[in-house]
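> If it helps, the file is called run-v9.pdb and holds PDB, C-alpha atoms and all ligand atoms:
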ATOM      1  CA  MET Z  28     -17.779   4.461  52.557
ATOM      2  CA  LYS Z  29     -17.675   2.320  49.423
ATOM      3  CA  ARG Z  30     -15.832  -0.442  51.285
ATOM      4  CA  ILE Z  31     -18.289  -0.329  54.173
ATOM      5  CA  LEU Z  32     -21.241  -0.634  51.758
ATOM      6  CA  ASP Z  33     -19.552  -3.552  49.932
ATOM      7  CA  ASN Z  34     -19.129  -5.355  53.257
ATOM      8  CA  ILE Z  35     -22.700  -4.631  54.297
ATOM      9  CA  ILE Z  36     -24.068  -6.081  51.063
ATOM     10  CA  ASN Z  37     -21.866  -9.169  51.373
ATOM     11  CA  ASP Z  38     -22.938  -9.661  54.979
ATOM     12  CA  SER Z  39     -26.622  -9.362  54.007
ATOM     13  CA  ARG Z  40     -26.686 -11.916  51.203
ATOM     14  CA  ASP Z  41     -27.544 -14.801  53.530
ATOM     15  CA  SER Z  42     -30.597 -12.890  54.721
ATOM     16  CA  ALA Z  43     -31.649 -12.299  51.116
ATOM     17  CA  ASN Z  44     -31.537 -16.066  50.629
ATOM     18  CA  THR Z  45     -34.142 -16.556  53.348
ATOM     19  CA  GLY Z  46     -36.743 -14.521  51.423
ATOM     20  CA  LYS Z  47     -39.069 -15.279  48.523
ATOM     21  CA  VAL Z  48     -39.887 -13.205  45.480
ATOM     22  CA  ALA Z  49     -43.528 -11.961  45.344
ATOM     23  CA  ASP Z  50     -45.534 -14.055  42.917
ATOM     24  CA  TYR Z  51     -49.121 -12.931  43.546
ATOM     25  CA  ILE Z  52     -48.432 -10.452  40.743
ATOM     26  CA  PRO Z  53     -47.175 -13.050  38.220
ATOM     27  CA  GLU Z  54     -44.756 -10.713  36.453
ATOM     28  CA  LEU Z  55     -42.911  -9.987  39.727
ATOM     29  CA  ALA Z  56     -42.016 -13.676  40.035
ATOM     30  CA  LYS Z  57     -39.456 -13.156  37.239
ATOM     31  CA  ALA Z  58     -37.226 -11.013  39.483
ATOM     32  CA  ASN Z  59     -33.826 -12.346  40.518
ATOM     33  CA  PRO Z  60     -34.146 -13.380  44.212
ATOM     34  CA  GLN Z  61     -30.385 -13.085  44.688
ATOM     35  CA  ALA Z  62     -30.113  -9.454  43.591
ATOM     36  CA  LEU Z  63     -29.129  -7.127  46.422
ATOM     37  CA  GLY Z  64     -27.981  -3.551  45.981
ATOM     38  CA  ILE Z  65     -27.763  -0.219  47.755
ATOM     39  CA  CYS Z  66     -27.285   3.446  46.944
ATOM     40  CA  VAL Z  67     -26.659   6.148  49.548
ATOM     41  CA  THR Z  68     -27.075   9.800  48.565
ATOM     42  CA  THR Z  69     -25.779  12.357  51.038
ATOM     43  CA  LEU Z  70     -27.378  15.783  51.146
ATOM     44  CA  ASP Z  71     -24.354  17.400  49.508
ATOM     45  CA  GLY Z  72     -25.046  15.228  46.451
ATOM     46  CA  LYS Z  73     -22.444  12.471  46.869
ATOM     47  CA  GLU Z  74     -23.614   9.013  45.799
ATOM     48  CA  TYR Z  75     -22.208   5.709  46.986
ATOM     49  CA  TYR Z  76     -23.166   2.325  45.549
ATOM     50  CA  ALA Z  77     -22.657  -1.339  46.274
ATOM     51  CA  GLY Z  78     -23.897  -4.715  45.093
ATOM     52  CA  ASP Z  79     -26.489  -5.021  42.328
ATOM     53  CA  TYR Z  80     -27.337  -1.336  42.475
ATOM     54  CA  ASP Z  81     -28.213  -1.086  38.770
ATOM     55  CA  THR Z  82     -30.984  -3.726  39.024
ATOM     56  CA  LYS Z  83     -34.270  -2.297  37.748
ATOM     57  CA  PHE Z  84     -37.457  -3.077  39.620
ATOM     58  CA  THR Z  85     -40.944  -1.657  40.039
ATOM     59  CA  ILE Z  86     -41.468   0.848  42.814
ATOM     60  CA  GLN Z  87     -44.708  -0.824  44.047
ATOM     61  CA  SER Z  88     -45.836   0.494  47.438
ATOM     62  CA  ILE Z  89     -43.092   3.103  47.631
ATOM     63  CA  SER Z  90     -45.259   4.991  45.106
ATOM     64  CA  LYS Z  91     -47.720   5.457  47.983
ATOM     65  CA  VAL Z  92     -45.382   8.155  49.311
ATOM     66  CA  ILE Z  93     -45.490  10.077  46.017
ATOM     67  CA  THR Z  94     -49.257   9.660  45.626
ATOM     68  CA  LEU Z  95     -49.785  10.949  49.162
ATOM     69  CA  MET Z  96     -47.561  13.915  48.399
ATOM     70  CA  VAL Z  97     -49.564  14.766  45.256
ATOM     71  CA  ALA Z  98     -52.883  14.385  47.086
ATOM     72  CA  ILE Z  99     -51.752  16.708  49.905
ATOM     73  CA  LEU Z 100     -50.355  19.250  47.435
ATOM     74  CA  GLU Z 101     -53.656  19.249  45.556
ATOM     75  CA  ASN Z 102     -56.147  19.033  48.434
ATOM     76  CA  GLY Z 103     -54.348  19.995  51.648
ATOM     77  CA  ALA Z 104     -53.514  17.602  54.489
ATOM     78  CA  GLU Z 105     -56.694  18.227  56.436
ATOM     79  CA  TYR Z 106     -58.925  17.068  53.600
ATOM     80  CA  VAL Z 107     -56.765  14.045  52.758
ATOM     81  CA  PHE Z 108     -56.765  12.876  56.378
ATOM     82  CA  SER Z 109     -60.507  13.247  56.596
ATOM     83  CA  LYS Z 110     -60.640  10.392  54.053
ATOM     84  CA  VAL Z 111     -57.804   8.205  55.319
ATOM     85  CA  GLY Z 112     -56.468   7.698  58.848
ATOM     86  CA  MET Z 113     -52.919   7.991  60.171
ATOM     87  CA  GLU Z 114     -52.769   4.980  62.459
ATOM     88  CA  PRO Z 115     -50.549   1.917  62.086
ATOM     89  CA  THR Z 116     -51.941  -1.564  61.561
ATOM     90  CA  GLU Z 117     -51.076  -5.004  62.844
ATOM     91  CA  LEU Z 118     -52.590  -6.550  59.721
ATOM     92  CA  ALA Z 119     -51.107  -7.224  56.272
ATOM     93  CA  PHE Z 120     -50.806  -4.443  53.682
ATOM     94  CA  ASN Z 121     -53.665  -5.829  51.615
ATOM     95  CA  SER Z 122     -55.983  -6.701  54.514
ATOM     96  CA  ILE Z 123     -59.679  -5.968  54.197
ATOM     97  CA  THR Z 124     -60.500  -6.527  57.900
ATOM     98  CA  ASN Z 125     -59.905  -2.990  59.136
ATOM     99  CA  LEU Z 126     -62.209  -1.520  56.538
ATOM    100  CA  GLU Z 127     -65.051  -3.079  58.438
ATOM    101  CA  THR Z 128     -63.837  -2.566  61.991
ATOM    102  CA  SER Z 129     -62.030   0.796  61.978
ATOM    103  CA  PRO Z 130     -63.820   3.997  63.006
ATOM    104  CA  GLN Z 131     -65.905   5.444  60.157
ATOM    105  CA  LYS Z 132     -64.747   2.422  58.122
ATOM    106  CA  ARG Z 133     -61.920   4.550  56.750
ATOM    107  CA  PRO Z 134     -58.666   2.879  55.701
ATOM    108  CA  LEU Z 135     -56.250   3.075  58.620
ATOM    109  CA  ASN Z 136     -53.373   4.833  56.845
ATOM    110  CA  PRO Z 137     -52.104   5.823  53.366
ATOM    111  CA  MET Z 138     -49.240   3.280  53.314
ATOM    112  CA  ILE Z 139     -51.451   0.188  53.005
ATOM    113  CA  ASN Z 140     -53.279  -0.709  49.807
ATOM    114  CA  ALA Z 141     -56.776   0.405  50.866
ATOM    115  CA  GLY Z 142     -55.422   3.734  52.085
ATOM    116  CA  ALA Z 143     -53.396   4.355  48.939
ATOM    117  CA  ILE Z 144     -56.373   3.520  46.718
ATOM    118  CA  ALA Z 145     -58.495   6.001  48.689
ATOM    119  CA  VAL Z 146     -55.729   8.620  48.364
ATOM    120  CA  THR Z 147     -55.520   7.948  44.614
ATOM    121  CA  SER Z 148     -59.256   8.661  44.344
ATOM    122  CA  LEU Z 149     -58.566  12.210  45.608
ATOM    123  CA  LEU Z 150     -56.214  13.197  42.782
ATOM    124  CA  ASN Z 151     -57.356  16.167  40.736
ATOM    125  CA  GLY Z 152     -56.624  15.413  37.072
ATOM    126  CA  LYS Z 153     -59.540  15.169  34.629
ATOM    127  CA  THR Z 154     -58.562  11.771  33.223
ATOM    128  CA  PRO Z 155     -56.615   8.778  34.595
ATOM    129  CA  GLU Z 156     -53.823   9.776  32.151
ATOM    130  CA  ASP Z 157     -53.597  13.246  33.729
ATOM    131  CA  LYS Z 158     -53.370  11.713  37.192
ATOM    132  CA  ILE Z 159     -50.673   9.158  36.416
ATOM    133  CA  ASN Z 160     -48.726  11.808  34.514
ATOM    134  CA  THR Z 161     -48.733  14.035  37.595
ATOM    135  CA  ILE Z 162     -47.379  11.147  39.699
ATOM    136  CA  LEU Z 163     -44.828  10.129  37.054
ATOM    137  CA  ASN Z 164     -43.615  13.681  36.487
ATOM    138  CA  LEU Z 165     -43.216  14.385  40.193
ATOM    139  CA  THR Z 166     -41.286  11.112  40.588
ATOM    140  CA  ARG Z 167     -38.998  12.018  37.679
ATOM    141  CA  LYS Z 168     -38.420  15.446  39.125
ATOM    142  CA  ILE Z 169     -37.610  14.193  42.623
ATOM    143  CA  CYS Z 170     -35.305  11.499  41.231
ATOM    144  CA  GLU Z 171     -33.825  13.971  38.723
ATOM    145  CA  ASN Z 172     -34.297  11.192  36.199
ATOM    146  CA  ASP Z 173     -36.499  11.768  33.154
ATOM    147  CA  SER Z 174     -36.061   8.210  31.926
ATOM    148  CA  ILE Z 175     -38.346   6.694  34.600
ATOM    149  CA  THR Z 176     -41.277   4.973  32.855
ATOM    150  CA  ILE Z 177     -44.027   2.501  33.623
ATOM    151  CA  ASN Z 178     -43.163  -1.175  33.215
ATOM    152  CA  GLU Z 179     -46.082  -2.185  31.001
ATOM    153  CA  GLU Z 180     -45.720  -5.937  31.659
ATOM    154  CA  VAL Z 181     -45.943  -5.470  35.423
ATOM    155  CA  TYR Z 182     -48.823  -3.030  35.032
ATOM    156  CA  ARG Z 183     -50.792  -5.436  32.831
ATOM    157  CA  SER Z 184     -49.978  -8.372  35.111
ATOM    158  CA  GLU Z 185     -51.269  -6.521  38.168
ATOM    159  CA  LYS Z 186     -54.328  -5.196  36.364
ATOM    160  CA  ALA Z 187     -55.184  -8.731  35.266
ATOM    161  CA  THR Z 188     -54.799 -10.258  38.722
ATOM    162  CA  GLY Z 189     -55.462  -7.389  41.163
ATOM    163  CA  ASN Z 190     -58.797  -8.630  42.427
ATOM    164  CA  ARG Z 191     -57.899  -8.130  46.080
ATOM    165  CA  ASN Z 192     -57.369  -4.445  45.361
ATOM    166  CA  ARG Z 193     -60.671  -4.376  43.446
ATOM    167  CA  ALA Z 194     -62.376  -5.901  46.472
ATOM    168  CA  LEU Z 195     -60.879  -3.222  48.746
ATOM    169  CA  ALA Z 196     -61.992  -0.488  46.349
ATOM    170  CA  TYR Z 197     -65.553  -1.785  45.948
ATOM    171  CA  TYR Z 198     -65.864  -2.252  49.690
ATOM    172  CA  MET Z 199     -64.740   1.326  50.329
ATOM    173  CA  LYS Z 200     -67.080   2.630  47.659
ATOM    174  CA  SER Z 201     -69.994   0.781  49.223
ATOM    175  CA  ASN Z 202     -69.172   2.537  52.509
ATOM    176  CA  GLY Z 203     -69.119   5.938  50.824
ATOM    177  CA  ILE Z 204     -65.379   6.433  51.380
ATOM    178  CA  PHE Z 205     -65.074   7.613  47.801
ATOM    179  CA  ASP Z 206     -66.917   8.174  44.600
ATOM    180  CA  GLY Z 207     -65.775   7.702  41.075
ATOM    181  CA  ASP Z 208     -65.005   4.962  38.603
ATOM    182  CA  ILE Z 209     -63.198   2.140  40.358
ATOM    183  CA  GLU Z 210     -61.376   0.761  37.317
ATOM    184  CA  GLU Z 211     -60.083   4.245  36.528
ATOM    185  CA  ILE Z 212     -58.843   4.788  40.080
ATOM    186  CA  LEU Z 213     -57.208   1.356  40.130
ATOM    187  CA  ASP Z 214     -55.612   1.987  36.777
ATOM    188  CA  VAL Z 215     -53.797   5.015  38.216
ATOM    189  CA  TYR Z 216     -52.854   2.999  41.325
ATOM    190  CA  PHE Z 217     -51.536   0.019  39.297
ATOM    191  CA  LYS Z 218     -49.547   2.285  36.993
ATOM    192  CA  ALA Z 219     -48.048   4.202  39.921
ATOM    193  CA  CYS Z 220     -46.957   0.862  41.440
ATOM    194  CA  SER Z 221     -45.416  -0.153  38.094
ATOM    195  CA  MET Z 222     -43.001   2.765  37.733
ATOM    196  CA  GLU Z 223     -39.591   1.228  37.098
ATOM    197  CA  VAL Z 224     -36.708   2.536  39.199
ATOM    198  CA  THR Z 225     -33.267   1.685  40.543
ATOM    199  CA  CYS Z 226     -32.009   2.087  44.084
ATOM    200  CA  ARG Z 227     -30.399   5.375  43.018
ATOM    201  CA  ASP Z 228     -33.884   6.759  42.304
ATOM    202  CA  LEU Z 229     -35.101   5.634  45.717
ATOM    203  CA  ALA Z 230     -32.061   7.204  47.391
ATOM    204  CA  ARG Z 231     -32.973  10.498  45.690
ATOM    205  CA  ILE Z 232     -36.536  10.362  47.023
ATOM    206  CA  GLY Z 233     -35.107   9.633  50.478
ATOM    207  CA  ALA Z 234     -32.627  12.502  50.172
ATOM    208  CA  MET Z 235     -35.392  14.964  49.261
ATOM    209  CA  LEU Z 236     -37.392  13.895  52.319
ATOM    210  CA  ALA Z 237     -34.265  13.951  54.510
ATOM    211  CA  ASN Z 238     -33.635  17.491  53.251
ATOM    212  CA  ASP Z 239     -37.149  18.654  54.236
ATOM    213  CA  GLY Z 240     -38.432  18.947  50.656
ATOM    214  CA  VAL Z 241     -35.386  20.356  48.858
ATOM    215  CA  LEU Z 242     -33.639  18.517  46.002
ATOM    216  CA  ILE Z 243     -29.872  18.084  45.809
ATOM    217  CA  SER Z 244     -29.998  20.809  43.119
ATOM    218  CA  GLY Z 245     -31.402  23.232  45.715
ATOM    219  CA  GLU Z 246     -34.914  23.343  44.251
ATOM    220  CA  ARG Z 247     -37.779  23.098  46.738
ATOM    221  CA  ILE Z 248     -40.374  20.460  45.772
ATOM    222  CA  VAL Z 249     -42.699  20.372  48.768
ATOM    223  CA  SER Z 250     -42.963  22.177  52.076
ATOM    224  CA  ARG Z 251     -41.119  21.131  55.180
ATOM    225  CA  ASP Z 252     -44.484  20.484  56.804
ATOM    226  CA  ILE Z 253     -45.596  17.997  54.126
ATOM    227  CA  CYS Z 254     -42.240  16.203  54.486
ATOM    228  CA  ARG Z 255     -42.703  16.076  58.244
ATOM    229  CA  ILE Z 256     -46.138  14.468  57.844
ATOM    230  CA  ILE Z 257     -44.871  11.946  55.285
ATOM    231  CA  LYS Z 258     -41.775  10.954  57.269
ATOM    232  CA  THR Z 259     -43.851  10.498  60.411
ATOM    233  CA  ILE Z 260     -46.282   8.231  58.585
ATOM    234  CA  MET Z 261     -43.341   6.327  57.114
ATOM    235  CA  VAL Z 262     -42.033   5.687  60.644
ATOM    236  CA  THR Z 263     -45.357   4.442  61.991
ATOM    237  CA  CYS Z 264     -46.770   2.701  58.898
ATOM    238  CA  GLY Z 265     -44.132   2.462  56.124
ATOM    239  CA  MET Z 266     -43.057  -1.121  56.779
ATOM    240  CA  TYR Z 267     -46.669  -2.268  57.248
ATOM    241  CA  ASP Z 268     -47.230  -4.539  60.238
ATOM    242  CA  ALA Z 269     -43.466  -4.728  60.832
ATOM    243  CA  SER Z 270     -43.122  -0.965  61.395
ATOM    244  CA  GLY Z 271     -42.705  -1.232  65.176
ATOM    245  CA  LYS Z 272     -39.923  -3.809  65.017
ATOM    246  CA  PHE Z 273     -38.282  -1.823  62.219
ATOM    247  CA  ALA Z 274     -38.385   1.344  64.337
ATOM    248  CA  VAL Z 275     -36.717  -0.444  67.255
ATOM    249  CA  HIS Z 276     -33.999  -2.196  65.233
ATOM    250  CA  ILE Z 277     -33.332   0.330  62.467
ATOM    251  CA  GLY Z 278     -35.093   3.558  63.466
ATOM    252  CA  ILE Z 279     -35.222   5.376  60.114
ATOM    253  CA  PRO Z 280     -38.335   6.659  58.294
ATOM    254  CA  ALA Z 281     -38.696   4.146  55.445
ATOM    255  CA  LYS Z 282     -41.107   2.673  52.925
ATOM    256  CA  SER Z 283     -40.934  -0.702  51.249
ATOM    257  CA  GLY Z 284     -42.540  -2.257  48.183
ATOM    258  CA  VAL Z 285     -43.146  -5.820  47.007
ATOM    259  CA  GLY Z 286     -40.832  -5.217  44.038
ATOM    260  CA  GLY Z 287     -38.065  -5.514  46.660
ATOM    261  CA  GLY Z 288     -37.302  -1.834  47.104
ATOM    262  CA  ILE Z 289     -36.820   0.069  50.347
ATOM    263  CA  MET Z 290     -36.587   3.863  50.380
ATOM    264  CA  ALA Z 291     -35.278   5.468  53.569
ATOM    265  CA  ALA Z 292     -34.741   9.066  54.674
ATOM    266  CA  VAL Z 293     -32.290   9.877  57.452
ATOM    267  CA  PRO Z 294     -33.254  13.430  58.454
ATOM    268  CA  ARG Z 295     -30.600  15.993  57.511
ATOM    269  CA  ARG Z 296     -28.107  13.260  56.639
ATOM    270  CA  MET Z 297     -28.906  11.030  53.653
ATOM    271  CA  GLY Z 298     -31.334   9.174  51.422
ATOM    272  CA  ILE Z 299     -30.965   5.419  51.057
ATOM    273  CA  GLY Z 300     -32.293   3.165  48.306
ATOM    274  CA  LEU Z 301     -32.123  -0.615  48.495
ATOM    275  CA  VAL Z 302     -33.184  -3.421  46.215
ATOM    276  CA  GLY Z 303     -33.564  -7.087  47.100
ATOM    277  CA  PRO Z 304     -36.593  -8.777  45.504
ATOM    278  CA  ALA Z 305     -36.653 -11.722  47.933
ATOM    279  CA  LEU Z 306     -39.209 -10.735  50.596
ATOM    280  CA  ASP Z 307     -39.963 -11.785  54.154
ATOM    281  CA  SER Z 308     -43.431 -12.883  55.294
ATOM    282  CA  LYS Z 309     -44.569  -9.254  55.750
ATOM    283  CA  GLY Z 310     -43.628  -8.289  52.196
ATOM    284  CA  ASN Z 311     -40.429  -6.408  53.073
ATOM    285  CA  SER Z 312     -37.101  -7.118  51.356
ATOM    286  CA  SER Z 313     -35.198  -9.651  53.516
ATOM    287  CA  GLY Z 314     -31.739  -8.659  52.321
ATOM    288  CA  GLY Z 315     -32.679  -4.979  52.211
ATOM    289  CA  LEU Z 316     -33.771  -5.040  55.848
ATOM    290  CA  LYS Z 317     -30.545  -6.697  56.925
ATOM    291  CA  ALA Z 318     -28.415  -4.235  54.952
ATOM    292  CA  LEU Z 319     -30.312  -1.278  56.387
ATOM    293  CA  GLU Z 320     -29.920  -2.637  59.906
ATOM    294  CA  LEU Z 321     -26.159  -2.996  59.443
ATOM    295  CA  LEU Z 322     -25.907   0.495  57.915
ATOM    296  CA  SER Z 323     -27.958   2.035  60.702
ATOM    297  CA  ARG Z 324     -25.746   0.436  63.314
ATOM    298  CA  GLU Z 325     -22.491   1.340  61.541
ATOM    299  CA  PHE Z 326     -23.361   5.058  61.251
ATOM    300  CA  ASP Z 327     -25.717   5.386  64.219
ATOM    301  CA  LEU Z 328     -28.598   6.445  61.961
ATOM    302  CA  SER Z 329     -31.555   5.729  64.245
ATOM    303  CA  ILE Z 330     -33.572   8.892  64.839
ATOM    304  CA  PHE Z 331     -34.577   7.677  68.294
TER     305      PHE Z 331
HETATM  306  N1  LIG O 401     -48.974  -3.195  43.734
HETATM  307  C1  LIG O 401     -48.917  -3.915  44.966
HETATM  308  C2  LIG O 401     -50.294  -4.335  45.418
HETATM  309  O1  LIG O 401     -51.211  -3.582  45.261
HETATM  310  C3  LIG O 401     -48.248  -3.069  46.001
HETATM  311  C4  LIG O 401     -48.139  -3.756  47.329
HETATM  312  C5  LIG O 401     -46.847  -3.544  48.026
HETATM  313  O2  LIG O 401     -45.845  -3.134  47.455
HETATM  314  N2  LIG O 401     -46.838  -3.901  49.276
HETATM  315  O3  LIG O 401     -50.491  -5.386  45.951
END
Would you write the structure of this file as structure tokens?
Ligand code: GLN


Amino acid sequence: MKRILDNIINDSRDSANTGKVADYIPELAKANPQALGICVTTLDGKEYYAGDYDTKFTIQSISKVITLMVAILENGAEYVFSKVGMEPTELAFNSITNLETSPQKRPLNPMINAGAIAVTSLLNGKTPEDKINTILNLTRKICENDSITINEEVYRSEKATGNRNRALAYYMKSNGIFDGDIEEILDVYFKACSMEVTCRDLARIGAMLANDGVLISGERIVSRDICRIIKTIMVTCGMYDASGKFAVHIGIPAKSGVGGGIMAAVPRRMGIGLVGPALDSKGNSSGGLKALELLSREFDLSIF
């Protein structure tokens, strides 16, 4: 396994070189575009690594999976999906267009920025601190890693420049999609995106989802039904407007983030975490996509 992963990473480095590090959040521009790493966690707890697997990066949009999980745990799926849709989009993850054209002006799904901001507005805590602590603690628990923290530089950088997300939030508020203090909601969203992880942490999240809500330790975190909903939405929406192509070529429920991470869950087999900060035009890790494609082919991982 180790040798196969080493080869996959080596064979994916050229693809990583075709991508570009995200710079619309200035702090992300400091990432190493050449870094490329993978961790595979099988459901019996074995971990396999290759490449730059110890690179730290911010979780970014992969946090949308955790936030959705918290919102469903706190409010139930029916209520959450009365506020946000479950349909894929052909537009970019930060697009504002659908907020005007979609039915009821709801965000199309929880994996794009507008949808995740709306989901964040549903969290129960009294203060923004309570809400981010719930997200952070659940992430630590799933990853079995108490040292996960928020990268303050990335958080501040996004807060200072996140005017597109502010625009999405104000637009949704004007349409009555949610109530509440926008800066407070965005603060929770920006902090959730700024949690710093490695590909091992992502592999653990994937393994929990692959195992229908049960950690490697045997502890149940969420119900099988919540995992089913989340994995389905990952398949249809997790790679944004590249989700269809991803499903055809790779065929694994997955979620990406502009920090360069990809988290993937192969039902009943394994969790996969990848890092490669150089992104393609859709905001997905170029090298990560290539490595996942090679891995999927090698082990016949497509669920279809
Ligand atoms: N924090 C990022 C943003 O809001 C997350 C986007 C992403 O990872 N695609 O733009």

> May I have the residues within 8 Å of ligand LIG 401 (chain O), computed using only C-alpha atoms and all ligand atoms, as a PyMOL selection string?

chain Z and resi 52+86-89+120-121+139-140+185+189+191-192+216-217+220-221+283-286+310-311

> Save the residues we just selected, C-alpha atoms, as a tab-separated table (two decimals), in the frame of the given file?


chain	number	residue	atom	x	y	z
Z	52	ILE	CA	-48.43	-10.45	40.74
Z	86	ILE	CA	-41.47	0.85	42.81
Z	87	GLN	CA	-44.71	-0.82	44.05
Z	88	SER	CA	-45.84	0.49	47.44
Z	89	ILE	CA	-43.09	3.10	47.63
Z	120	PHE	CA	-50.81	-4.44	53.68
Z	121	ASN	CA	-53.66	-5.83	51.62
Z	139	ILE	CA	-51.45	0.19	53.00
Z	140	ASN	CA	-53.28	-0.71	49.81
Z	185	GLU	CA	-51.27	-6.52	38.17
Z	189	GLY	CA	-55.46	-7.39	41.16
Z	191	ARG	CA	-57.90	-8.13	46.08
Z	192	ASN	CA	-57.37	-4.44	45.36
Z	216	TYR	CA	-52.85	3.00	41.32
Z	217	PHE	CA	-51.54	0.02	39.30
Z	220	CYS	CA	-46.96	0.86	41.44
Z	221	SER	CA	-45.42	-0.15	38.09
Z	283	SER	CA	-40.93	-0.70	51.25
Z	284	GLY	CA	-42.54	-2.26	48.18
Z	285	VAL	CA	-43.15	-5.82	47.01
Z	286	GLY	CA	-40.83	-5.22	44.04
Z	310	GLY	CA	-43.63	-8.29	52.20
Z	311	ASN	CA	-40.43	-6.41	53.07

> Interatomic distance between CA of Gly152 in chain Z and CA of Thr94 in chain Z?

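Computing it gives 12.7 Å between the two atoms.
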
> Could you state the separation of CA of Val67 in chain Z and CA of Ile299 in chain Z in Å, given to one decimal place?

4.6 Å

> Translate the PyMOL selection byres (((chain Z and resi 321) around 10) and not hetatm) into a concrete residue list for this structure, as a list of chain:residue names.

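Checked against the file, the PyMOL selection byres (((chain Z and resi 321) around 10) and not hetatm) matches Z:Ile31, Z:Leu32, Z:Asn34, Z:Ile35, Z:Ile36, Z:Asp38, Z:Ser39, Z:His276, Z:Ile277, Z:Gly315, Z:Leu316, Z:Lys317, Z:Ala318, Z:Leu319, Z:Glu320, Z:Leu322, Z:Ser323, Z:Arg324, Z:Glu325, Z:Phe326, Z:Asp327.
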
> Evaluate the PyMOL selection byres (((chain Z and resi 171-180) around 7) and not hetatm) here and jot the selected residues down as a PyMOL selection string.

chain Z and resi 54+167-170+181-184+218+221-224

> How many Å separate CA of Met235 in chain Z from CA of Val302 in chain Z?

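The value is 18.8 Å.
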
> List the spatial neighbours of range 73-78 of chain Z as a ChimeraX atom specification - criterion: any atom at most 12 Å away, all atoms listed in the file, same-chain residues fewer than 4 positions off excluded.

/Z:28-40,61-69,82,225-231,234,243-244,296-303,314-315,318

> Measuring between only C-alpha atoms, which one of Z:Asn160, Z:Pro60, Z:Ala145, Z:Ala219 shows the shortest distance to Ala43 in chain Z?

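Smallest distance to Ala43 in chain Z is found for Z:Pro60.
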
> Looking at Z:Leu149, Z:Ala141, Z:Val275, Z:Ala292, which one is nearest to Asn125 in chain Z, with distances taken over all atoms listed in the file?

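That would be Z:Ala141, the residue with the smallest distance to Asn125 in chain Z.
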
> Residues picked by the PyMOL selection byres (((chain Z and resi 135) around 6) and not hetatm) here, as a short mmCIF file (atom, residue, chain, number, x, y, z; two decimals) with C-alpha atoms, in the coordinates of the input?


data_model
loop_
_atom_site.label_atom_id
_atom_site.label_comp_id
_atom_site.auth_asym_id
_atom_site.auth_seq_id
_atom_site.Cartn_x
_atom_site.Cartn_y
_atom_site.Cartn_z
CA GLY Z 112 -56.47 7.70 58.85
CA GLU Z 114 -52.77 4.98 62.46
CA PRO Z 134 -58.67 2.88 55.70
CA ASN Z 136 -53.37 4.83 56.84
#
